>>> print(open('entry04.cif').read())   # mmCIF, N, CA, C and O atoms
data_upload
loop_
_atom_site.label_atom_id
_atom_site.label_comp_id
_atom_site.auth_asym_id
_atom_site.auth_seq_id
_atom_site.Cartn_x
_atom_site.Cartn_y
_atom_site.Cartn_z
N THR A 1 67.91 71.34 -20.79
CA THR A 1 67.41 70.03 -21.18
C THR A 1 66.10 69.76 -20.44
O THR A 1 65.72 70.49 -19.52
N LEU A 2 65.45 68.69 -20.83
CA LEU A 2 64.21 68.31 -20.18
C LEU A 2 64.45 67.92 -18.73
O LEU A 2 63.66 68.25 -17.84
N PHE A 3 65.57 67.23 -18.46
CA PHE A 3 65.89 66.84 -17.09
C PHE A 3 66.06 68.05 -16.19
O PHE A 3 65.55 68.09 -15.07
N MET A 4 66.77 69.06 -16.65
CA MET A 4 66.98 70.25 -15.84
C MET A 4 65.68 70.99 -15.57
O MET A 4 65.45 71.48 -14.46
N THR A 5 64.80 71.04 -16.56
CA THR A 5 63.51 71.70 -16.39
C THR A 5 62.64 70.96 -15.37
O THR A 5 62.04 71.57 -14.49
N MET A 6 62.60 69.64 -15.48
CA MET A 6 61.80 68.84 -14.55
C MET A 6 62.40 68.88 -13.14
O MET A 6 61.66 68.93 -12.16
N ALA A 7 63.71 68.88 -13.03
CA ALA A 7 64.36 68.95 -11.72
C ALA A 7 64.09 70.30 -11.06
O ALA A 7 63.83 70.37 -9.86
N ALA A 8 64.14 71.37 -11.83
CA ALA A 8 63.84 72.70 -11.28
C ALA A 8 62.39 72.80 -10.84
O ALA A 8 62.09 73.36 -9.78
N ALA A 9 61.48 72.24 -11.63
CA ALA A 9 60.06 72.24 -11.25
C ALA A 9 59.84 71.43 -9.98
O ALA A 9 59.05 71.83 -9.10
N PHE A 10 60.53 70.31 -9.85
CA PHE A 10 60.40 69.49 -8.65
C PHE A 10 60.98 70.19 -7.43
O PHE A 10 60.43 70.11 -6.33
N ASN A 11 62.07 70.93 -7.62
CA ASN A 11 62.65 71.72 -6.52
C ASN A 11 61.67 72.78 -6.04
O ASN A 11 61.50 72.97 -4.84
N VAL A 12 61.04 73.47 -6.97
CA VAL A 12 60.08 74.51 -6.61
C VAL A 12 58.87 73.89 -5.91
O VAL A 12 58.37 74.42 -4.91
N LEU A 13 58.42 72.74 -6.39
CA LEU A 13 57.28 72.06 -5.78
C LEU A 13 57.61 71.63 -4.34
O LEU A 13 56.80 71.85 -3.43
N LEU A 14 58.79 71.05 -4.14
CA LEU A 14 59.19 70.66 -2.80
C LEU A 14 59.36 71.87 -1.88
O LEU A 14 59.04 71.81 -0.70
N HIS A 15 59.86 72.95 -2.44
CA HIS A 15 60.01 74.17 -1.66
C HIS A 15 58.65 74.70 -1.21
O HIS A 15 58.48 75.10 -0.06
N ARG A 16 57.68 74.66 -2.09
CA ARG A 16 56.35 75.17 -1.74
C ARG A 16 55.66 74.30 -0.70
O ARG A 16 54.99 74.81 0.20
N PHE A 17 55.79 72.98 -0.83
CA PHE A 17 55.12 72.08 0.11
C PHE A 17 55.83 72.03 1.47
O PHE A 17 55.18 71.98 2.50
N SER A 18 57.16 72.03 1.46
CA SER A 18 57.89 71.87 2.71
C SER A 18 58.27 73.20 3.36
O SER A 18 58.65 73.22 4.52
N ARG A 19 58.22 74.28 2.60
CA ARG A 19 58.63 75.62 3.06
C ARG A 19 60.08 75.64 3.54
O ARG A 19 60.43 76.36 4.46
N GLN A 20 60.90 74.83 2.91
CA GLN A 20 62.33 74.79 3.20
C GLN A 20 63.08 75.48 2.06
O GLN A 20 62.75 75.28 0.89
N ASP A 21 64.08 76.29 2.40
CA ASP A 21 64.85 76.98 1.37
C ASP A 21 65.95 76.12 0.77
O ASP A 21 66.38 76.34 -0.34
N ASP A 22 66.40 75.13 1.52
CA ASP A 22 67.49 74.27 1.09
C ASP A 22 66.91 72.90 0.74
O ASP A 22 66.42 72.19 1.61
N VAL A 23 66.97 72.53 -0.55
CA VAL A 23 66.36 71.29 -1.02
C VAL A 23 67.46 70.38 -1.58
O VAL A 23 68.24 70.80 -2.42
N CYS A 24 67.51 69.14 -1.10
CA CYS A 24 68.46 68.14 -1.59
C CYS A 24 67.66 66.97 -2.15
O CYS A 24 66.81 66.42 -1.46
N ILE A 25 67.96 66.60 -3.38
CA ILE A 25 67.25 65.51 -4.05
C ILE A 25 68.29 64.54 -4.61
O ILE A 25 69.27 64.96 -5.22
N GLY A 26 68.05 63.25 -4.40
CA GLY A 26 68.93 62.22 -4.94
C GLY A 26 68.40 61.69 -6.25
O GLY A 26 67.24 61.29 -6.34
N TYR A 27 69.22 61.69 -7.28
CA TYR A 27 68.85 61.20 -8.60
C TYR A 27 69.68 59.96 -8.91
O TYR A 27 70.88 59.92 -8.66
N ALA A 28 69.02 58.95 -9.46
CA ALA A 28 69.71 57.72 -9.83
C ALA A 28 70.39 57.90 -11.18
O ALA A 28 69.76 58.34 -12.15
N VAL A 29 71.67 57.56 -11.23
CA VAL A 29 72.45 57.69 -12.45
C VAL A 29 72.99 56.31 -12.79
O VAL A 29 73.68 55.69 -11.98
N GLY A 30 72.69 55.80 -13.97
CA GLY A 30 73.14 54.47 -14.37
C GLY A 30 74.60 54.48 -14.80
O GLY A 30 75.12 55.48 -15.29
N ASN A 31 75.26 53.35 -14.61
CA ASN A 31 76.67 53.24 -14.97
C ASN A 31 76.90 52.03 -15.87
O ASN A 31 77.58 51.10 -15.51
N ARG A 32 76.37 52.02 -17.03
CA ARG A 32 76.62 50.96 -18.01
C ARG A 32 77.35 51.57 -19.21
O ARG A 32 76.91 51.48 -20.33
N ASP A 33 78.48 52.17 -18.94
CA ASP A 33 79.23 52.85 -20.00
C ASP A 33 80.03 51.88 -20.86
O ASP A 33 80.27 52.15 -22.04
N HIS A 34 80.45 50.76 -20.29
CA HIS A 34 81.29 49.83 -21.02
C HIS A 34 80.45 48.73 -21.68
O HIS A 34 79.49 48.24 -21.11
N ILE A 35 80.84 48.35 -22.86
CA ILE A 35 80.11 47.32 -23.61
C ILE A 35 80.15 45.98 -22.90
O ILE A 35 79.23 45.17 -23.03
N GLU A 36 81.19 45.73 -22.10
CA GLU A 36 81.31 44.45 -21.41
C GLU A 36 80.28 44.29 -20.29
O GLU A 36 79.90 43.18 -19.95
N THR A 37 79.82 45.38 -19.71
CA THR A 37 78.89 45.30 -18.59
C THR A 37 77.42 45.38 -18.99
O THR A 37 76.55 45.26 -18.14
N GLU A 38 77.13 45.57 -20.27
CA GLU A 38 75.74 45.70 -20.70
C GLU A 38 74.96 44.41 -20.56
O GLU A 38 73.76 44.43 -20.33
N ASP A 39 75.61 43.25 -20.70
CA ASP A 39 74.91 41.97 -20.63
C ASP A 39 74.82 41.40 -19.22
O ASP A 39 74.19 40.36 -19.02
N LEU A 40 75.42 42.05 -18.25
CA LEU A 40 75.38 41.53 -16.89
C LEU A 40 73.99 41.70 -16.28
O LEU A 40 73.26 42.64 -16.59
N ILE A 41 73.64 40.77 -15.41
CA ILE A 41 72.37 40.85 -14.71
C ILE A 41 72.59 41.66 -13.44
O ILE A 41 73.56 41.48 -12.73
N GLY A 42 71.67 42.52 -13.17
CA GLY A 42 71.78 43.33 -11.96
C GLY A 42 71.68 44.80 -12.29
O GLY A 42 71.64 45.20 -13.44
N LEU A 43 71.63 45.57 -11.26
CA LEU A 43 71.46 46.99 -11.42
C LEU A 43 72.69 47.71 -10.88
O LEU A 43 73.04 47.56 -9.71
N PHE A 44 73.34 48.47 -11.75
CA PHE A 44 74.45 49.30 -11.33
C PHE A 44 73.97 50.75 -11.35
O PHE A 44 73.78 51.34 -12.40
N VAL A 45 73.75 51.30 -10.17
CA VAL A 45 73.23 52.65 -10.08
C VAL A 45 74.01 53.42 -9.03
O VAL A 45 74.26 52.92 -7.94
N ASN A 46 74.38 54.61 -9.38
CA ASN A 46 74.94 55.55 -8.41
C ASN A 46 73.89 56.60 -8.15
O ASN A 46 73.16 57.01 -9.05
N THR A 47 73.82 57.05 -6.92
CA THR A 47 72.88 58.10 -6.58
C THR A 47 73.65 59.41 -6.46
O THR A 47 74.61 59.51 -5.70
N LEU A 48 73.22 60.38 -7.22
CA LEU A 48 73.84 61.70 -7.22
C LEU A 48 72.91 62.65 -6.50
O LEU A 48 71.75 62.80 -6.87
N VAL A 49 73.38 63.27 -5.43
CA VAL A 49 72.57 64.21 -4.66
C VAL A 49 72.84 65.62 -5.16
O VAL A 49 73.98 66.07 -5.20
N MET A 50 71.77 66.29 -5.58
CA MET A 50 71.89 67.66 -6.05
C MET A 50 71.20 68.58 -5.04
O MET A 50 70.06 68.34 -4.64
N ARG A 51 71.92 69.61 -4.65
CA ARG A 51 71.41 70.54 -3.66
C ARG A 51 71.14 71.88 -4.32
O ARG A 51 71.93 72.38 -5.11
N SER A 52 70.01 72.47 -3.99
CA SER A 52 69.70 73.80 -4.50
C SER A 52 69.01 74.61 -3.42
O SER A 52 68.31 74.07 -2.57
N ARG A 53 69.23 75.88 -3.46
CA ARG A 53 68.61 76.80 -2.50
C ARG A 53 67.57 77.63 -3.25
O ARG A 53 67.92 78.39 -4.14
N VAL A 54 66.34 77.44 -2.86
CA VAL A 54 65.22 78.13 -3.50
C VAL A 54 64.77 79.23 -2.55
O VAL A 54 64.40 78.97 -1.41
N LYS A 55 64.78 80.46 -3.03
CA LYS A 55 64.34 81.59 -2.23
C LYS A 55 62.91 81.93 -2.61
O LYS A 55 62.51 81.76 -3.76
N PRO A 56 62.12 82.42 -1.67
CA PRO A 56 60.71 82.68 -1.94
C PRO A 56 60.46 83.67 -3.09
O PRO A 56 59.50 83.55 -3.82
N GLY A 57 61.33 84.65 -3.29
CA GLY A 57 61.10 85.65 -4.33
C GLY A 57 61.70 85.31 -5.68
O GLY A 57 61.59 86.08 -6.63
N ASP A 58 62.34 84.16 -5.80
CA ASP A 58 63.00 83.79 -7.06
C ASP A 58 61.99 83.41 -8.13
O ASP A 58 60.91 82.90 -7.84
N THR A 59 62.38 83.62 -9.38
CA THR A 59 61.57 83.18 -10.50
C THR A 59 61.94 81.76 -10.88
O THR A 59 62.89 81.19 -10.35
N PHE A 60 61.19 81.19 -11.82
CA PHE A 60 61.50 79.83 -12.26
C PHE A 60 62.84 79.80 -12.99
O PHE A 60 63.56 78.80 -12.92
N LEU A 61 63.20 80.86 -13.69
CA LEU A 61 64.49 80.91 -14.37
C LEU A 61 65.64 80.89 -13.36
O LEU A 61 66.69 80.30 -13.63
N ASP A 62 65.44 81.52 -12.20
CA ASP A 62 66.46 81.45 -11.15
C ASP A 62 66.63 80.02 -10.64
O ASP A 62 67.75 79.56 -10.40
N ALA A 63 65.51 79.32 -10.48
CA ALA A 63 65.57 77.91 -10.05
C ALA A 63 66.24 77.06 -11.12
O ALA A 63 67.00 76.13 -10.81
N LEU A 64 65.99 77.37 -12.38
CA LEU A 64 66.61 76.63 -13.47
C LEU A 64 68.12 76.85 -13.50
O LEU A 64 68.89 75.93 -13.73
N HIS A 65 68.56 78.06 -13.21
CA HIS A 65 69.99 78.34 -13.14
C HIS A 65 70.63 77.62 -11.96
O HIS A 65 71.79 77.22 -12.03
N GLN A 66 69.90 77.46 -10.86
CA GLN A 66 70.42 76.72 -9.72
C GLN A 66 70.67 75.26 -10.09
O GLN A 66 71.68 74.69 -9.71
N VAL A 67 69.74 74.67 -10.83
CA VAL A 67 69.90 73.26 -11.23
C VAL A 67 71.05 73.11 -12.21
O VAL A 67 71.82 72.17 -12.15
N ARG A 68 71.16 74.06 -13.11
CA ARG A 68 72.23 73.99 -14.10
C ARG A 68 73.58 74.10 -13.44
O ARG A 68 74.53 73.45 -13.74
#
>>> encode(input="entry04.cif", output="structure tokens")
Amino acid sequence: TLFMTMAAAFNVLLHRFSRQDDVCIGYAVGNRDHIETEDLIGLFVNTLVMRSRVKPGDTFLDALHQVR
């Protein structure tokens, strides 16, 4: 998906700038699944932390598989 591609690209970018092999990124995930909560005022967000290990010799497809 587009999200997985962008997340993998962001992981590679952070790996290149920080030179860290272990990258953890928090993504905001909305929780308005029920019709009763759609009209409420306020923000219901859970943060999901995704961890990936990017190795210097890996290809972009390897990073994409890590995100998946």
>>> resolve_selection(input="entry04.cif", expression="the PyMOL selection byres ((chain A and resi 46-54) around 5)", output="number ranges by chain")
A: 20-29, 44-45, 55-56
>>> atom_distance(input="entry04.cif", atom1="atom CA of Leu14 of chain A", atom2="atom CA of Gly30 of chain A")
24.3 Å
>>> residues_around(input="entry04.cif", residues="Phe3 of chain A", least_positions_apart="6", cutoff="8 Å", atoms="only N, CA, C and O atoms", output="NGL selection string")
:A and (9-10 or 67)
>>> resolve_selection(input="entry04.cif", expression="the PyMOL selection byres ((chain A and resi 60) around 8)", output="list in words")
Met4, Thr5, Ala8, Ala9, Val12, Gly57, Asp58, Thr59, Leu61, Asp62, Ala63, Leu64, His65, Gln66 and Val67 of chain A
>>> select_by_dssp(input="entry04.cif", residues="chain A", states="strand (DSSP E)", output="MDAnalysis selection string")
chainID A and resid 22:30 45:53
>>> write_last_selection(input="entry04.cif", atoms="N, CA, C and O atoms", output="JSON list (two decimals), in the coordinates of the input")
[["chain", "number", "residue", "atom", "x", "y", "z"],
["A", 22, "ASP", "N", 66.40, 75.13, 1.52],
["A", 22, "ASP", "CA", 67.49, 74.27, 1.09],
["A", 22, "ASP", "C", 66.91, 72.90, 0.74],
["A", 22, "ASP", "O", 66.42, 72.19, 1.61],
["A", 23, "VAL", "N", 66.97, 72.53, -0.55],
["A", 23, "VAL", "CA", 66.36, 71.29, -1.02],
["A", 23, "VAL", "C", 67.46, 70.38, -1.58],
["A", 23, "VAL", "O", 68.24, 70.80, -2.42],
["A", 24, "CYS", "N", 67.51, 69.14, -1.10],
["A", 24, "CYS", "CA", 68.46, 68.14, -1.59],
["A", 24, "CYS", "C", 67.66, 66.97, -2.15],
["A", 24, "CYS", "O", 66.81, 66.42, -1.46],
["A", 25, "ILE", "N", 67.96, 66.60, -3.38],
["A", 25, "ILE", "CA", 67.25, 65.51, -4.05],
["A", 25, "ILE", "C", 68.29, 64.54, -4.61],
["A", 25, "ILE", "O", 69.27, 64.96, -5.22],
["A", 26, "GLY", "N", 68.05, 63.25, -4.40],
["A", 26, "GLY", "CA", 68.93, 62.22, -4.94],
["A", 26, "GLY", "C", 68.40, 61.69, -6.25],
["A", 26, "GLY", "O", 67.24, 61.29, -6.34],
["A", 27, "TYR", "N", 69.22, 61.69, -7.28],
["A", 27, "TYR", "CA", 68.85, 61.20, -8.60],
["A", 27, "TYR", "C", 69.68, 59.96, -8.91],
["A", 27, "TYR", "O", 70.88, 59.92, -8.66],
["A", 28, "ALA", "N", 69.02, 58.95, -9.46],
["A", 28, "ALA", "CA", 69.71, 57.72, -9.83],
["A", 28, "ALA", "C", 70.39, 57.90, -11.18],
["A", 28, "ALA", "O", 69.76, 58.34, -12.15],
["A", 29, "VAL", "N", 71.67, 57.56, -11.23],
["A", 29, "VAL", "CA", 72.45, 57.69, -12.45],
["A", 29, "VAL", "C", 72.99, 56.31, -12.79],
["A", 29, "VAL", "O", 73.68, 55.69, -11.98],
["A", 30, "GLY", "N", 72.69, 55.80, -13.97],
["A", 30, "GLY", "CA", 73.14, 54.47, -14.37],
["A", 30, "GLY", "C", 74.60, 54.48, -14.80],
["A", 30, "GLY", "O", 75.12, 55.48, -15.29],
["A", 45, "VAL", "N", 73.75, 51.30, -10.17],
["A", 45, "VAL", "CA", 73.23, 52.65, -10.08],
["A", 45, "VAL", "C", 74.01, 53.42, -9.03],
["A", 45, "VAL", "O", 74.26, 52.92, -7.94],
["A", 46, "ASN", "N", 74.38, 54.61, -9.38],
["A", 46, "ASN", "CA", 74.94, 55.55, -8.41],
["A", 46, "ASN", "C", 73.89, 56.60, -8.15],
["A", 46, "ASN", "O", 73.16, 57.01, -9.05],
["A", 47, "THR", "N", 73.82, 57.05, -6.92],
["A", 47, "THR", "CA", 72.88, 58.10, -6.58],
["A", 47, "THR", "C", 73.65, 59.41, -6.46],
["A", 47, "THR", "O", 74.61, 59.51, -5.70],
["A", 48, "LEU", "N", 73.22, 60.38, -7.22],
["A", 48, "LEU", "CA", 73.84, 61.70, -7.22],
["A", 48, "LEU", "C", 72.91, 62.65, -6.50],
["A", 48, "LEU", "O", 71.75, 62.80, -6.87],
["A", 49, "VAL", "N", 73.38, 63.27, -5.43],
["A", 49, "VAL", "CA", 72.57, 64.21, -4.66],
["A", 49, "VAL", "C", 72.84, 65.62, -5.16],
["A", 49, "VAL", "O", 73.98, 66.07, -5.20],
["A", 50, "MET", "N", 71.77, 66.29, -5.58],
["A", 50, "MET", "CA", 71.89, 67.66, -6.05],
["A", 50, "MET", "C", 71.20, 68.58, -5.04],
["A", 50, "MET", "O", 70.06, 68.34, -4.64],
["A", 51, "ARG", "N", 71.92, 69.61, -4.65],
["A", 51, "ARG", "CA", 71.41, 70.54, -3.66],
["A", 51, "ARG", "C", 71.14, 71.88, -4.32],
["A", 51, "ARG", "O", 71.93, 72.38, -5.11],
["A", 52, "SER", "N", 70.01, 72.47, -3.99],
["A", 52, "SER", "CA", 69.70, 73.80, -4.50],
["A", 52, "SER", "C", 69.01, 74.61, -3.42],
["A", 52, "SER", "O", 68.31, 74.07, -2.57],
["A", 53, "ARG", "N", 69.23, 75.88, -3.46],
["A", 53, "ARG", "CA", 68.61, 76.80, -2.50],
["A", 53, "ARG", "C", 67.57, 77.63, -3.25],
["A", 53, "ARG", "O", 67.92, 78.39, -4.14]]
>>> atom_distance(input="entry04.cif", atom1="atom C of Met6 of chain A", atom2="atom N of Arg19 of chain A")
17.2 Å
>>> atom_distance(input="entry04.cif", atom1="atom N of Arg68 of chain A", atom2="atom CA of Arg16 of chain A")
18.7 Å
>>> build_atoms(input="entry04.cif", residues="segment 45-56 of chain A", atoms="all heavy atoms", output="mmCIF file, in the frame of the given file")
data_model
loop_
_atom_site.group_PDB
_atom_site.id
_atom_site.type_symbol
_atom_site.label_atom_id
_atom_site.label_comp_id
_atom_site.auth_asym_id
_atom_site.auth_seq_id
_atom_site.Cartn_x
_atom_site.Cartn_y
_atom_site.Cartn_z
ATOM 1 N N VAL A 45 73.750 51.300 -10.170
ATOM 2 C CA VAL A 45 73.230 52.650 -10.080
ATOM 3 C C VAL A 45 74.010 53.420 -9.030
ATOM 4 O O VAL A 45 74.260 52.920 -7.940
ATOM 5 C CB VAL A 45 71.730 52.640 -9.707
ATOM 6 C CG1 VAL A 45 71.221 54.046 -9.475
ATOM 7 C CG2 VAL A 45 70.901 51.973 -10.775
ATOM 8 N N ASN A 46 74.380 54.610 -9.380
ATOM 9 C CA ASN A 46 74.940 55.550 -8.410
ATOM 10 C C ASN A 46 73.890 56.600 -8.150
ATOM 11 O O ASN A 46 73.160 57.010 -9.050
ATOM 12 C CB ASN A 46 76.195 56.225 -8.965
ATOM 13 C CG ASN A 46 77.375 55.305 -8.967
ATOM 14 O OD1 ASN A 46 77.412 54.327 -8.246
ATOM 15 N ND2 ASN A 46 78.344 55.627 -9.802
ATOM 16 N N THR A 47 73.820 57.050 -6.920
ATOM 17 C CA THR A 47 72.880 58.100 -6.580
ATOM 18 C C THR A 47 73.650 59.410 -6.460
ATOM 19 O O THR A 47 74.610 59.510 -5.700
ATOM 20 C CB THR A 47 72.172 57.793 -5.259
ATOM 21 O OG1 THR A 47 71.521 56.535 -5.387
ATOM 22 C CG2 THR A 47 71.143 58.856 -4.943
ATOM 23 N N LEU A 48 73.220 60.380 -7.220
ATOM 24 C CA LEU A 48 73.840 61.700 -7.220
ATOM 25 C C LEU A 48 72.910 62.650 -6.500
ATOM 26 O O LEU A 48 71.750 62.800 -6.870
ATOM 27 C CB LEU A 48 74.074 62.173 -8.656
ATOM 28 C CG LEU A 48 74.646 63.551 -8.859
ATOM 29 C CD1 LEU A 48 76.068 63.607 -8.333
ATOM 30 C CD2 LEU A 48 74.609 63.915 -10.316
ATOM 31 N N VAL A 49 73.380 63.270 -5.430
ATOM 32 C CA VAL A 49 72.570 64.210 -4.660
ATOM 33 C C VAL A 49 72.840 65.620 -5.160
ATOM 34 O O VAL A 49 73.980 66.070 -5.200
ATOM 35 C CB VAL A 49 72.881 64.117 -3.152
ATOM 36 C CG1 VAL A 49 72.069 65.141 -2.376
ATOM 37 C CG2 VAL A 49 72.606 62.718 -2.653
ATOM 38 N N MET A 50 71.770 66.290 -5.580
ATOM 39 C CA MET A 50 71.890 67.660 -6.050
ATOM 40 C C MET A 50 71.200 68.580 -5.040
ATOM 41 O O MET A 50 70.060 68.340 -4.640
ATOM 42 C CB MET A 50 71.246 67.805 -7.426
ATOM 43 C CG MET A 50 71.971 67.008 -8.484
ATOM 44 S SD MET A 50 71.205 67.096 -10.094
ATOM 45 C CE MET A 50 71.389 68.799 -10.490
ATOM 46 N N ARG A 51 71.920 69.610 -4.650
ATOM 47 C CA ARG A 51 71.410 70.540 -3.660
ATOM 48 C C ARG A 51 71.140 71.880 -4.320
ATOM 49 O O ARG A 51 71.930 72.380 -5.110
ATOM 50 C CB ARG A 51 72.466 70.719 -2.565
ATOM 51 C CG ARG A 51 72.100 71.690 -1.510
ATOM 52 C CD ARG A 51 73.237 71.800 -0.528
ATOM 53 N NE ARG A 51 72.876 72.682 0.565
ATOM 54 C CZ ARG A 51 73.728 73.097 1.461
ATOM 55 N NH1 ARG A 51 74.983 72.716 1.407
ATOM 56 N NH2 ARG A 51 73.341 73.889 2.423
ATOM 57 N N SER A 52 70.010 72.470 -3.990
ATOM 58 C CA SER A 52 69.700 73.800 -4.500
ATOM 59 C C SER A 52 69.010 74.610 -3.420
ATOM 60 O O SER A 52 68.310 74.070 -2.570
ATOM 61 C CB SER A 52 68.825 73.727 -5.757
ATOM 62 O OG SER A 52 67.598 73.117 -5.452
ATOM 63 N N ARG A 53 69.230 75.880 -3.460
ATOM 64 C CA ARG A 53 68.610 76.800 -2.500
ATOM 65 C C ARG A 53 67.570 77.630 -3.250
ATOM 66 O O ARG A 53 67.920 78.390 -4.140
ATOM 67 C CB ARG A 53 69.657 77.694 -1.861
ATOM 68 C CG ARG A 53 70.621 76.910 -1.021
ATOM 69 C CD ARG A 53 71.686 77.799 -0.453
ATOM 70 N NE ARG A 53 72.690 76.964 0.166
ATOM 71 C CZ ARG A 53 72.966 77.020 1.456
ATOM 72 N NH1 ARG A 53 72.333 77.852 2.229
ATOM 73 N NH2 ARG A 53 73.889 76.237 1.963
ATOM 74 N N VAL A 54 66.340 77.440 -2.860
ATOM 75 C CA VAL A 54 65.220 78.130 -3.500
ATOM 76 C C VAL A 54 64.770 79.230 -2.550
ATOM 77 O O VAL A 54 64.400 78.970 -1.410
ATOM 78 C CB VAL A 54 64.065 77.161 -3.796
ATOM 79 C CG1 VAL A 54 62.944 77.884 -4.512
ATOM 80 C CG2 VAL A 54 64.547 75.982 -4.617
ATOM 81 N N LYS A 55 64.780 80.460 -3.030
ATOM 82 C CA LYS A 55 64.340 81.590 -2.230
ATOM 83 C C LYS A 55 62.910 81.930 -2.610
ATOM 84 O O LYS A 55 62.510 81.760 -3.760
ATOM 85 C CB LYS A 55 65.260 82.785 -2.460
ATOM 86 C CG LYS A 55 66.682 82.524 -2.029
ATOM 87 C CD LYS A 55 67.573 83.678 -2.374
ATOM 88 C CE LYS A 55 69.021 83.290 -2.109
ATOM 89 N NZ LYS A 55 69.936 84.206 -2.753
ATOM 90 N N PRO A 56 62.120 82.420 -1.670
ATOM 91 C CA PRO A 56 60.710 82.680 -1.940
ATOM 92 C C PRO A 56 60.460 83.670 -3.090
ATOM 93 O O PRO A 56 59.500 83.550 -3.820
ATOM 94 C CB PRO A 56 60.174 83.238 -0.625
ATOM 95 C CG PRO A 56 61.098 82.718 0.407
ATOM 96 C CD PRO A 56 62.438 82.599 -0.252
#
